[in-house]
2 protein chains.
Amino acid sequence: MHHNGPVGEREDQQDVTVSETVRLFDANAPLVLRSGATLAEVDVAHETWGTLNAERSNAVFICHALTGDAHAAGWRQGDKRPGWWDTMIGPGKPVDTNIWFVVCANILGGCQGTTGPSSTNPATGDPYGLDFPLLDMSDFVTVHRALGRHLGVERWALLMGGSLGGMQVLQWALEYPEDTDNAIVLAASSRLTAQNIAFSAVGRQAIMKDSGFRGGRFLSEGTAPKKGLAVARMMAHITYLSEEAFSEKFGRAAQSGELTPNFGVDFAVESYLDHQGEAFQSRFDALSYLYLTRVMDYYDPFAAPGALDALAADAVKFLVMSFDSDWRFSTEHSRRIVRHLEGAHVPTSFREISSPWGHDSFLLAIADYHETIAAFLERAATERGL
Amino acid sequence: MHHNGPVGEREDQQDVTVSETVRLFDANAPLVLRSGATLAEVDVAHETWGTLNAERSNAVFICHALTGDAHAAGWRQGDKRPGWWDTMIGPGKPVDTNIWFVVCANILGGCQGTTGPSSTNPATGDPYGLDFPLLDMSDFVTVHRALGRHLGVERWALLMGGSLGGMQVLQWALEYPEDTDNAIVLAASSRLTAQNIAFSAVGRQAIMKDSGFRGGRFLSEGTAPKKGLAVARMMAHITYLSEEAFSEKFGRAAQSGELTPNFGVDFAVESYLDHQGEAFQSRFDALSYLYLTRVMDYYDPFAAPGALDALAADAVKFLVMSFDSDWRFSTEHSRRIVRHLEGAHVPTSFREISSPWGHDSFLLAIADYHETIAAFLERAATERGL
């Protein structure tokens with residue numbers, strides 16, 4: 001059932017092997033959240049690449065970031081561009097799909113096929129809106145594990161993700177170290193700073209103050225806080241690039257010809273942000289933005305007593321990486337994770353990569369970065385005779 | 001006429017000597033802007049402290065920042081707090097009003113008494129809205145000079161300002177170096193970076209996308225883009241403090257008691273930003289915010305050929321200062337100004353002050369900072385026998 005065959009069309013590219021949505025929780029076996037709340041229907045959109053071997057020893061789970069989706073790599077029919085991490089995942093790439101069976105799922109609370117706050121509440125027949133329960137990082141893990149069982153994978157060779165994806169990996173390894181041998185945590189944080197939370201809060205305010213938000217009932221009322229969502233996205237984008245990257249890419253150039261003072265889009269950097277805001281409106285849901293950012297704000301796993309006990313007893317090999325120009329989750333965030341892991345004698349490699357591109361660096365094909373990932377995976381492959 | 005007597009009530013405080021609004025341009029003598037556009041009526045709200053001496057040699061002009069006003073120091077009747085730079089200006093303070101005659105005016109395009117885009121357009125009887133002409137840094141200078149003539153001051157001992165205020169000082173000295181002997185430029189910039197412009201652009205988008213904006217006709221239509229203005233202010237505030245300052249002031253503390261996950265105000269940093277946004281709505285005008293931020297975006301004086309010619313021929317003594325944790329206008333911005341001034345052999349002192357408080361440092365009573373200002377003014381006082 002997992003092998004519908006390639007759905008892409010480009011012969012020179014790795015195609016998505018499976019792209020489907022499955023119901024993993026239902027009224028008979030609802031999803032019980034960390035808060036105690038339940039969700040009676042949970043569908044999970046996911047994709048896979050490569051083939052699970054007979055020993056089931058070659059499975060890699062990719063956790064996506066805030067606005068990502070299950071389409072991490074390859075091409076689906078009609079795609080104009082490949083998946084968001086296509087430079088990382090594919091035949092001969094750092095996560096080599098000739099070796100590894102790779103899975104990526106849209107996150108719980110998301111809006112790309114997996115159940116989220118804009119899904120229909122089976123109890124009312126209307127979209128959940130703000131009746132959707134608040135989520136915890138742990139809830140993402142619960143759903144990813146259920147997908148693993150569905151796919152026949154109980155133990156992963158590797159969990160891997162950047163930003164919010166890295167936070168899911170960290171949480172998964174802390175709670176269920178027996179689930180994986182290796183973990184790669186990229187440009188992530190175990191504890192947002194006040195400034196991080198501030199940016200997050202202002203983005204949510206832009207959405208919630210939009211007259212189209214209607215207390216979260218915008219789907220039922222036929223409106224949408226599209227302008228607020230665009231503003232939130234524009235602001236967030238400023239934090240995804242370094243100041244240096246903004247200067248390199250745009251400087252003070254006009255978007256076309258000479259600067260002609262007005263209040264619209266004149267500087268090239270304005271055109272870039274305007275485009276980011278507009279494109280986001282059509283592909284992302286404002287409620288998902290609220291729910292997922294709020295999980296990040298509250299995440300603080302090492303504050304819990306005994307948080308590292310399980311991991312210390314069943315060590316997962318960690319690779320933690322940061323980028324020197326990332327000011328959203330600076331190297332200091334990664335160092336904090338490393339300090340906690342090393343304090344519990346978890347085998348941890350740490351590398352800070354030099355890159356001018358800021359937080360977005362984890363999505364880019366930076367040689368030093370990709371080579372480090374490739375080496376980590378080659379070691380993992382050798383250890384298991386792949 | 002300038003000496004209405006103290007209007008404050010606190011005997012231990014320096015009171016405002018004059019607080020009034022005068023019409024400096026009218027239909028007979030309209031204000032001609034750099035763009036060639038004209039304004040037929042320009043009122044200017046201003047305050048003064050201290051006394052202009054007989055030689056008119058002790059006059060200091062203070063230029064305020066983006067959201068400041070003429071009330072820089074002292075107390076007016078009913079004030080709950082003194083002026084915004086009361087730690088800097090007053091008897092025995094770095095700008096000692098026992099020595100200096102100090103003037104501060106609300107900026108052209110502002111909303112605190114001086115004509116701006118929400119003022120009545122005499123041609124229509126309605127508020128200007130977006131029919132108000134775009135402004136240039138040079139236009140602020142034109143109005144400040146007119147106020148000087150009105151007050152009987154043609155040559156100033158000192159021009160002084162921080163942030164946008166410092167940019168006005170720089171422009172004034174470049175255009176009319178004969179107007180002043182000294183210039184203090186604090187936490188300012190001669191050329192916003194792409195990241196600076198990005199923050200500015202997103203703030204304006206938050207305002208213009210607010211359903212209450214109505215194409216800038218909100219006053220006529222009885223609405224107001226208050227929510228967008230609050231979002232713009234919240235975002236701007238993130239850039240006014242350093243990440244370190246946010247961590248020191250708020251960390252991850254709850255606004256009260258324990259964190260109780262929700263989408264409202266829970267973290268203390270959210271409460272702070274929420275308050276900043278709310279307070280700003282009631283004291284500032286959305287159109288002024290658009291007009292004044294846009295002047296900053298386009299400001300790039302050294303790009304013009306011969307920009308320094310006048311100043312090189314009639315040297316003003318400059319003091320340029322930055323704060324090491326300021327990431328809105330970092331020390332690099334100040335160093336660029338200094339490089340240009342020194343390239344033209346303008347006598348320039350430069351100091352970077354160590355402070356954890358970010359851009360807002362220029363408003364704070366930091367000992368090292370105030371002592372440097374005080375020493376610069378003492379030298380100026382001695383030179384003119386004050």
# chains A, B, ... in the order shown; residues from 1 in each chain; ligands from 1
$ closest_atom_pairs --of "chain A" --to "chain B" --cutoff "7 Å" --atoms "only C-alpha atoms" --output "tab-separated table"
residue	atom	partner	partner_atom	distance
A:Thr193	CA	B:Ser247	CA	6.5
A:Ala194	CA	B:Gly251	CA	5.2
A:Gln195	CA	B:Glu243	CA	5.7
A:Ala198	CA	B:Glu270	CA	6.4
A:Ala201	CA	B:Glu270	CA	6.5
A:Val202	CA	B:Met235	CA	6.3
A:Gln205	CA	B:Val231	CA	6.8
A:Ala206	CA	B:Val231	CA	6.1
A:Lys209	CA	B:Lys227	CA	6.0
A:Asp210	CA	B:Asp210	CA	6.9
A:Ser211	CA	B:Ser211	CA	6.7
A:Lys227	CA	B:Lys209	CA	6.0
A:Val231	CA	B:Ala206	CA	6.1
A:Met234	CA	B:Val202	CA	6.5
A:Met235	CA	B:Val202	CA	6.4
A:Ile238	CA	B:Ala198	CA	6.9
A:Glu243	CA	B:Gln195	CA	5.7
A:Phe246	CA	B:Ala194	CA	5.6
A:Ser247	CA	B:Ala194	CA	5.5
A:Phe250	CA	B:Ala194	CA	6.3
A:Gly251	CA	B:Ala194	CA	5.2
A:Arg252	CA	B:Ala194	CA	5.9
A:Val269	CA	B:Ala194	CA	6.2
A:Glu270	CA	B:Ala198	CA	6.4
$ residues_around --residues "range 58-64 of chain A" --least-positions-apart "4" --cutoff "10 Å" --atoms "only C-alpha atoms" --output "number ranges by chain"
A: 48-54, 68-72, 84-85, 89, 95, 97, 99-107, 140-141, 144-145, 148, 152-169, 180, 182-185, 380-381, 384-386
$ closest_residue --among "A:Phe213, A:Phe318, A:Tyr289, A:Tyr240" --to "Leu108 in chain A" --atoms "only C-alpha atoms"
A:Tyr289
$ select_by_dssp --residues "range 294-344 of chain B" --states "strand (DSSP E or B)" --output "list of chain:residue names"
B:Lys317, B:Phe318, B:Leu319, B:Val320, B:Met321, B:Ser322, B:Phe323
$ closest_residue --among "B:Asp126, B:Pro177, B:Thr115, B:Ser57" --to "Asp26 in chain B" --atoms "only C-alpha atoms"
B:Thr115
$ closest_residue --among "A:Ala73, A:Val18, A:Ala286, A:Leu151" --to "Gly129 in chain A" --atoms "only C-alpha atoms"
A:Ala286
$ atom_distance --atom1 "CA of Glu352 in chain A" --atom2 "CA of Ser322 in chain A"
4.7 Å
$ select_by_dssp --residues "range 82-140 of chain B" --states "alpha helix (DSSP H)" --output "ChimeraX atom specification"
/B:137-140
$ residues_around --residues "Asp314 in chain B" --least-positions-apart "6" --cutoff "10 Å" --atoms "only C-alpha atoms" --output "list in words"
Ala173, Leu174, Tyr176, Pro177, Glu178, Asp179, Thr180, Asp181 and Val346 of chain B
$ residues_around --residues "Arg283 in chain B" --least-positions-apart "5" --cutoff "10 Å" --atoms "only C-alpha atoms" --output "mmCIF file with N, CA, C and O atoms, in the first residue's frame"
data_model
loop_
_atom_site.group_PDB
_atom_site.id
_atom_site.type_symbol
_atom_site.label_atom_id
_atom_site.label_comp_id
_atom_site.auth_asym_id
_atom_site.auth_seq_id
_atom_site.Cartn_x
_atom_site.Cartn_y
_atom_site.Cartn_z
ATOM 1 N N THR B 67 9.187 59.336 17.406
ATOM 2 C CA THR B 67 7.896 59.477 18.076
ATOM 3 C C THR B 67 7.965 60.462 19.237
ATOM 4 O O THR B 67 7.099 60.447 20.107
ATOM 5 N N CYS B 111 2.621 64.962 14.870
ATOM 6 C CA CYS B 111 1.223 64.942 15.315
ATOM 7 C C CYS B 111 1.080 65.482 16.732
ATOM 8 O O CYS B 111 0.123 65.189 17.423
ATOM 9 N N GLN B 112 2.077 66.255 17.164
ATOM 10 C CA GLN B 112 2.037 66.784 18.530
ATOM 11 C C GLN B 112 2.033 68.295 18.482
ATOM 12 O O GLN B 112 2.716 68.963 19.255
ATOM 13 N N GLU B 278 -0.609 49.655 22.974
ATOM 14 C CA GLU B 278 -1.846 50.335 23.391
ATOM 15 C C GLU B 278 -1.604 51.811 23.666
ATOM 16 O O GLU B 278 -2.359 52.680 23.236
#
